[in-house]
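Engineer: Right, I'll just put the structure down here and ask away after.
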Amino acid sequence: MSGWDEGPVGVVSSAGSPSQPDHRGDLGGGAGADPWGEVIGQPVAVTAVRAALARDEVAHAWLLIGPREVGQSELTRALGAALNCPEPPAPDTGCGRCATCARILRGTHPAVVDLEPEGAGHVVADVREDWIPSASRSMTEGRRRVLRIVAADRMNEAAQNAFLKVLEEPPASVLWVLDAEDEGSLLETVVSRCRRLDLVPWGPTALLELAERLSIPEAQRAALARAASGSPQRLRALADPEVAAARERHLGVIDRLATAGPGAVVPVAKELSAWAKGRAAAVKAKHAEELADLEAAFGVDGGRGWPSGVKGRVTRRFERAERQAQRQALDLLLDDLAAYLRDLIAVASGAPGSSLVNLDAEAELRRDAERLPVRDAVEALAAVAACREALDRNGSAELQLERLLFRIALPIYAAAA
């Protein structure tokens with residue numbers, strides 16, 4: 001239940017996303033680093049890919065199955081470097097030092113491209129208007145284009161059927177990498193045309209090392225590494241003092257609902273929603289600066305002077321990144337609530353404290369376990385999942401949070417009465 005068992009460790013986050021900082025170097029990377037050295041904790045996957053490279057038997061499509069953001073980005077970049085390095089030291093790796101490798105590992109080379117969902121998922125228009133043209137376009141840099149479909153399991157059926165056409169007969173210069181948490185959401189015809197690799201969460205040793213490299217205060221390292229539940233990206237988020245402070249507030253939601261009464265639900269939902277929106281504010285400000293720089297570069301005056309189609313593409317990219325930043329904040333919030341509810345169930349079931357994710361909140365968990373019966377905690381956990389699904393369908397964040405908080409709060413008030 002805790003996700004804290006010692007075992008294999010994993011890897012990182014959506015590469016090249018405008019809303020994601022570049023964390024190369026967190027665990028030993030940097031200029032001139034071995035590209036495969038960036039893929040922490042995935043020895044089986046790395047061995048399989050490098051063996052395929054060495055034999056010149058690289059599959060035209062790879063399916064990476066595992067939790068989001070545990071290495072998919074780094075593995076894809078290392079593969080792209082090996083395929084495009086102008087002077088590779090061996091067939092199975094890039095040098096990590098040349099300009100091509102450096103740009104690929106930073107996520108700025110056109111040979112390695114991430115295809116992110118713009119809304120709730122990938123739709124058929126994405127495939128026809130973006131993916132297929134990207135795969136068919138002549139390469140101006142590099143030898144092999146690597147196209148990574150982020151959250152491939154969020155393709156709807158029409159998109160998958162359209163994608164099959166290019167997957168079945170891919171251009172020789174194109175390699176596809178599909179990320180998926182849920183293989184069952186993909187058509188069998190898609191799965192059967194890919195080589196599968198399983199990626200795993202990080203273990204505590206790697207997370208603690210990362211916590212140290214992220215300069216998380218020593219007194220907080222163990223608790224935050226544990227709270228990351230195997231996700232290095234979540235730990236990176238928790239390294240932000242604002243996010244760490246927000247986690248403490250999120251873990252205190254049940255106490256606030258219990259002590260303030262039914263009238264607390266709406267203001268708490270507003271507060272949580274405002275926090276998520278605020279997380280996108282820095283991204284929006286950065287985009288405003290970038291837009292001003294682009295206008296100066298193109299000589300835009302009074303809105304005129306943009307090359308055809310450029311402003312629209314830039315604006316859509318910015319809007320997508322801002323939505324992603326807000327959604328990532330909402331996911332952090334929901335992860336905090338879900339972990340707390342799981343811990344409540346564990347405490348009520350007599351599990352030892354060592355099994356808790358939020359061990360630093362053990363006293364609060366034991367208090368709240370008396371307030372929320374186990375059956376209601378299980379149903380509240382299901383409500384968290386339902387809230388996440390509603391957000392995937394672009395539901396109103398504030399409204400969905402209100403519904404979730406009412407589902408948590410009503411049994412507490414009933415038990416108190």
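Residues in the structure tokens are named by chain (A, B, ... in the order shown) and by number from 1 within that chain; ligands are numbered from 1 in the order shown.
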Taking 6 positions as the minimum chain separation for residues in the same chain, which residues sit within 9 Å of Leu235 in chain A when counting only C-alpha atoms? Answer as a compact mmCIF listing (two decimals) with N, CA and C atoms, in the first residue's frame.

Structural biologist:
# COMPACT_ATOMS: atom_id res chain seq x y z
N LEU A 207 15.37 7.56 -4.70
CA LEU A 207 14.60 8.74 -4.34
C LEU A 207 15.31 9.57 -3.27
N LEU A 210 18.09 11.38 -4.95
CA LEU A 210 17.54 12.51 -5.69
C LEU A 210 17.15 13.64 -4.74
N ALA A 211 16.56 13.30 -3.60
CA ALA A 211 16.17 14.32 -2.61
C ALA A 211 17.38 15.12 -2.17
N LEU A 214 18.45 17.42 -4.96
CA LEU A 214 17.50 18.52 -5.12
C LEU A 214 17.57 19.52 -3.97
N LEU A 224 9.47 13.25 2.39
CA LEU A 224 9.06 13.63 1.04
C LEU A 224 9.40 12.55 0.03
N ALA A 225 10.54 11.87 0.22
CA ALA A 225 10.86 10.76 -0.68
C ALA A 225 9.82 9.66 -0.54
N ARG A 226 9.38 9.42 0.68
CA ARG A 226 8.34 8.43 0.91
C ARG A 226 7.02 8.88 0.27
N ALA A 227 6.70 10.16 0.42
CA ALA A 227 5.45 10.69 -0.13
C ALA A 227 5.45 10.69 -1.65
N ALA A 228 6.63 10.61 -2.27
CA ALA A 228 6.70 10.59 -3.73
C ALA A 228 6.16 9.29 -4.30
N SER A 229 6.06 8.24 -3.50
CA SER A 229 5.47 6.96 -3.92
C SER A 229 6.09 6.41 -5.20

Engineer: Do you know which residues are at most 12 Å from Asp301 in chain A counting only C-alpha atoms, after dropping those on the same chain fewer than 6 positions away, and could you put them as a list in words?

Structural biologist: Ala292, Leu294 and Glu295 of chain A

Engineer: Got a sec: who's within 12 Å of Ala285 in chain A, counting only C-alpha atoms, leaving out chain neighbours fewer than 4 positions off, as a count of residues only?

Structural biologist: 13

Engineer: Would you write out, as a Markdown table, a table of all residues in range 99-130 of chain A that have an atom no more than 10 Å from an atom of range 165-189 of chain A, listing for each the closest atom pair and the distance in Å to one decimal, considering only C-alpha atoms and ordering rows by chain and rising residue number?

Structural biologist:
| residue | atom | partner | partner_atom | distance |
| --- | --- | --- | --- | --- |
| A:Ala111 | CA | A:Val174 | CA | 9.3 |
| A:Val112 | CA | A:Leu175 | CA | 9.6 |
| A:Val113 | CA | A:Trp176 | CA | 10.0 |
| A:Asp114 | CA | A:Val177 | CA | 9.3 |
| A:Leu115 | CA | A:Leu178 | CA | 9.7 |
| A:Val127 | CA | A:Val166 | CA | 9.3 |
| A:Arg128 | CA | A:Val166 | CA | 9.9 |

Engineer: What does the file look like for those residues with N, CA and C atoms, as a tab-separated table (two decimals), in the first residue's frame?

Structural biologist:
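Dumped everything to selection_35.tsv:
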chain	number	residue	atom	x	y	z
A	111	ALA	N	14.87	15.86	-34.30
A	111	ALA	CA	14.83	14.42	-34.59
A	111	ALA	C	14.05	13.65	-33.53
A	112	VAL	N	13.91	14.22	-32.34
A	112	VAL	CA	13.18	13.54	-31.25
A	112	VAL	C	12.06	14.46	-30.80
A	113	VAL	N	10.83	14.03	-31.02
A	113	VAL	CA	9.66	14.89	-30.81
A	113	VAL	C	8.66	14.19	-29.90
A	114	ASP	N	8.12	14.93	-28.93
A	114	ASP	CA	7.05	14.42	-28.08
A	114	ASP	C	5.71	14.87	-28.62
A	115	LEU	N	4.76	13.96	-28.70
A	115	LEU	CA	3.40	14.26	-29.15
A	115	LEU	C	2.48	14.16	-27.94
A	127	VAL	N	-3.77	12.76	-35.19
A	127	VAL	CA	-3.06	11.78	-36.01
A	127	VAL	C	-2.93	12.28	-37.45
A	128	ARG	N	-4.05	12.73	-38.00
A	128	ARG	CA	-4.06	13.10	-39.42
A	128	ARG	C	-3.36	14.43	-39.69

Engineer: Quick one: pick out all strand (DSSP E or B) residues within range 163-379 of chain A from a backbone DSSP run and write them as a list in words.

Structural biologist: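 Across range 163-379 of chain A, those assigned strand (DSSP E or B) are Val174, Leu175, Trp176, Val177, Leu178, Asp179, Ala180, Arg195, Arg196, Leu197, Asp198, Asp301 and Arg304 of chain A.
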
Engineer: How far is it from CA of Ala383 in chain A to CA of Ile408 in chain A, in Å with one decimal?

Structural biologist: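 Spanning CA of Ala383 in chain A to CA of Ile408 in chain A is a straight-line distance of 8.3 Å.
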
Engineer: Based on the backbone DSSP call, show me all residues of range 161-383 of chain A assigned helix (DSSP H, G or I), as JSON, numbers by chain.

Structural biologist: {"A": [161, 162, 163, 164, 165, 166, 167, 168, 183, 184, 185, 188, 189, 190, 191, 204, 205, 206, 207, 208, 209, 210, 211, 212, 213, 218, 219, 220, 221, 222, 223, 224, 225, 226, 227, 232, 233, 234, 235, 236, 237, 238, 241, 242, 243, 244, 245, 246, 247, 248, 249, 250, 251, 253, 254, 255, 256, 257, 258, 259, 260, 262, 263, 264, 265, 266, 267, 268, 269, 270, 271, 272, 273, 274, 275, 276, 277, 278, 279, 280, 281, 282, 283, 284, 285, 286, 287, 288, 289, 290, 291, 292, 293, 294, 295, 296, 297, 298, 310, 311, 312, 313, 314, 315, 316, 317, 318, 319, 320, 321, 322, 323, 324, 325, 326, 327, 328, 329, 330, 331, 332, 333, 334, 335, 336, 337, 338, 339, 340, 341, 342, 343, 344, 345, 346, 347, 348, 353, 354, 355, 359, 360, 361, 362, 363, 364, 365, 366, 367, 368, 369, 374, 375, 376, 377, 378, 379, 380, 381, 382, 383]}

Engineer: Can you work out which one of A:Val150, A:Ile65, A:Ala237, A:Val300 has the shortest atom-to-atom distance to Pro201 in chain A, counting only C-alpha atoms?

Structural biologist: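 Of A:Val150, A:Ile65, A:Ala237, A:Val300, the one nearest Pro201 in chain A, counting only C-alpha atoms, is A:Ile65.
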
Engineer: Let me make sure I understand: among A:Gly80, A:Gly305, A:Gly121, A:Gly96, which one has the smallest atom-to-atom distance to Arg143 in chain A if we use only C-alpha atoms?

Structural biologist: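 Residue with the minimum atom-to-atom distance to Arg143 in chain A: A:Gly80.
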
Engineer: With distances taken over only C-alpha atoms, which residue among A:Ala397, A:Leu251, A:Thr108, A:Ala415 lies nearest Glu362 in chain A?

Structural biologist: A:Leu251

Engineer: Calculated over only C-alpha atoms, which of the candidates A:His122, A:Val374, A:Arg221, A:Glu364 has the smallest distance to Arg342 in chain A?

Structural biologist: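 With only C-alpha atoms as the atom set, the closest residue is A:Val374.
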